[in-house]
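In what follows, a single structure is set out as structure tokens and then discussed.
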Amino acid sequence: MIIKLKEALENEKEIIKKIREGSIFIYPTDTIYGIGCDATNDASVSKIRKLKKRDDKPFSVIVPDKKWILKNCKVSKKFKSYIEKLPGPFTFIFELKKKAVSEQVNKHSSTIGVRIPDHEFIKTIQKSKKPFVTTSVNITGQEPITEISNLPPKFKKLIIIDDGKLNKKPSLLIDLTGNIAKIISR
């Protein structure tokens, strides 16, 4: 089901309800199109893993707000300033303090990538008060999708929020679990 961005924003309460029910979305971010769901819903996160043909590599999450990061992640004083860069095209990796997402999100890992993309649709996701899986819409190893018309057929059965062509690159991934910030990839 394809929903234009404007219509999705006008029907925010319905979108939030679908998030809480475990629906999987394809949605625009400030970089590329993402695929995601409530990151606490084991079945939905597992379904995304199968759709993407992704093994145990962790997913990142869009967090409800910056307070969620401080409550659930170990953030050293020297890296707190990074949180102030959000919203933006960044994914920051932190150690988790406690179980805050499905084990399917970060299998065999005590770390998590957190994001707050700078896009108006993300505000709707955040109003669900749930951490939300965010990963590129593609089969693992293939190019990320920047246009809905390029989606593989199996993704077209999901709820799709269409914001036209996105001309960006994936977010900058920065590991903040050690003594120095390490850029992992773009």
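Chain lettering (A, B, ...) mirrors the order of the structure tokens, residue numbering begins at 1 for each chain separately, and ligand numbering begins at 1 in order of display.
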Do you have, as a tab-separated table, the list of residues of stretch 93-113 of chain A lying at most 9 Å from stretch 160-178 of chain A, each with its nearest atom pair and that distance in Å to one decimal, counting only C-alpha atoms and ordered by chain then number?
residue	atom	partner	partner_atom	distance
A:Ile93	CA	A:Asp175	CA	4.7
A:Phe94	CA	A:Thr177	CA	5.3
A:Glu95	CA	A:Thr177	CA	6.1
A:Thr111	CA	A:Thr177	CA	8.0
A:Gly113	CA	A:Leu173	CA	8.1
Pull N, CA and C atoms from the residues just selected and write them as a compact mmCIF listing (two decimals), in the first residue's frame.
# COMPACT_ATOMS: atom_id res chain seq x y z
N ILE A 93 26.83 4.58 17.44
CA ILE A 93 26.82 3.28 18.10
C ILE A 93 27.23 3.47 19.56
N PHE A 94 26.38 2.97 20.46
CA PHE A 94 26.63 3.02 21.90
C PHE A 94 26.44 1.62 22.47
N GLU A 95 27.02 1.39 23.66
CA GLU A 95 26.74 0.18 24.44
C GLU A 95 25.35 0.37 25.06
N THR A 111 25.76 -3.69 21.74
CA THR A 111 25.73 -2.32 21.24
C THR A 111 24.50 -2.09 20.37
N GLY A 113 23.01 0.92 17.29
CA GLY A 113 23.12 2.15 16.51
C GLY A 113 21.85 2.95 16.71
So that I can see what lies close to A:Gln104, please list as a list in words the residues with an atom at most 7 Å from it, counting only C-alpha atoms and leaving out residues fewer than 5 positions away in the same chain.
Asp42, Val45 and Ser46 of chain A
Tell me which of A:Ser102, A:Ser60, A:Thr91, A:Ser23 sits closest to A:Ser185, counting only C-alpha atoms.
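With only C-alpha atoms as the atom set, the closest residue is A:Thr91.
Between A:Ile112 and the candidates A:Lys6, A:Lys77, A:Lys57, A:Lys52, the tightest atom-to-atom separation, counting only C-alpha atoms, involves A:Lys57.
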Could you list, as a tab-separated table (two decimals) with C-alpha atoms, in the first residue's frame, every residue within 10 Å of A:Ile122, counting only C-alpha atoms and ignoring same-chain residues fewer than 4 positions away?
chain	number	residue	atom	x	y	z
A	27	TYR	CA	9.61	5.32	4.78
A	28	PRO	CA	11.71	8.36	3.82
A	29	THR	CA	14.54	9.68	5.97
A	30	ASP	CA	16.97	12.57	5.57
A	62	ILE	CA	15.26	5.59	15.39
A	63	VAL	CA	14.79	6.64	19.00
A	64	PRO	CA	11.74	8.47	20.37
A	87	PRO	CA	18.39	15.13	14.28
A	116	ILE	CA	17.06	10.62	14.72
A	117	PRO	CA	16.77	11.47	11.01
A	118	ASP	CA	15.92	15.05	10.09
A	126	GLN	CA	8.71	9.25	17.41
A	127	LYS	CA	5.17	9.93	18.63
A	132	PHE	CA	11.92	1.91	15.54
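Relative to atom CA of A:Pro131, atom CA of A:Asn72 is found at 10.8 Å.
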Straight-line distance linking atom CA of A:Ile16 with atom CA of A:Ser128, stated in Å to one decimal:
5.3 Å
When DSSP works through the backbone of this structure, what residues of stretch 85-123 of chain A end up as strand (DSSP E), shown as a VMD selection string?
chain A and resid 90 to 96 111 to 115
Name the residues in contact with A:Cys37 at a cut-off of 10 Å, using only C-alpha atoms, excluding same-chain residues fewer than 4 positions from it; report them as a PyMOL selection string.
chain A and resi 18-26+41-45+47-48+61-62+125+130-134
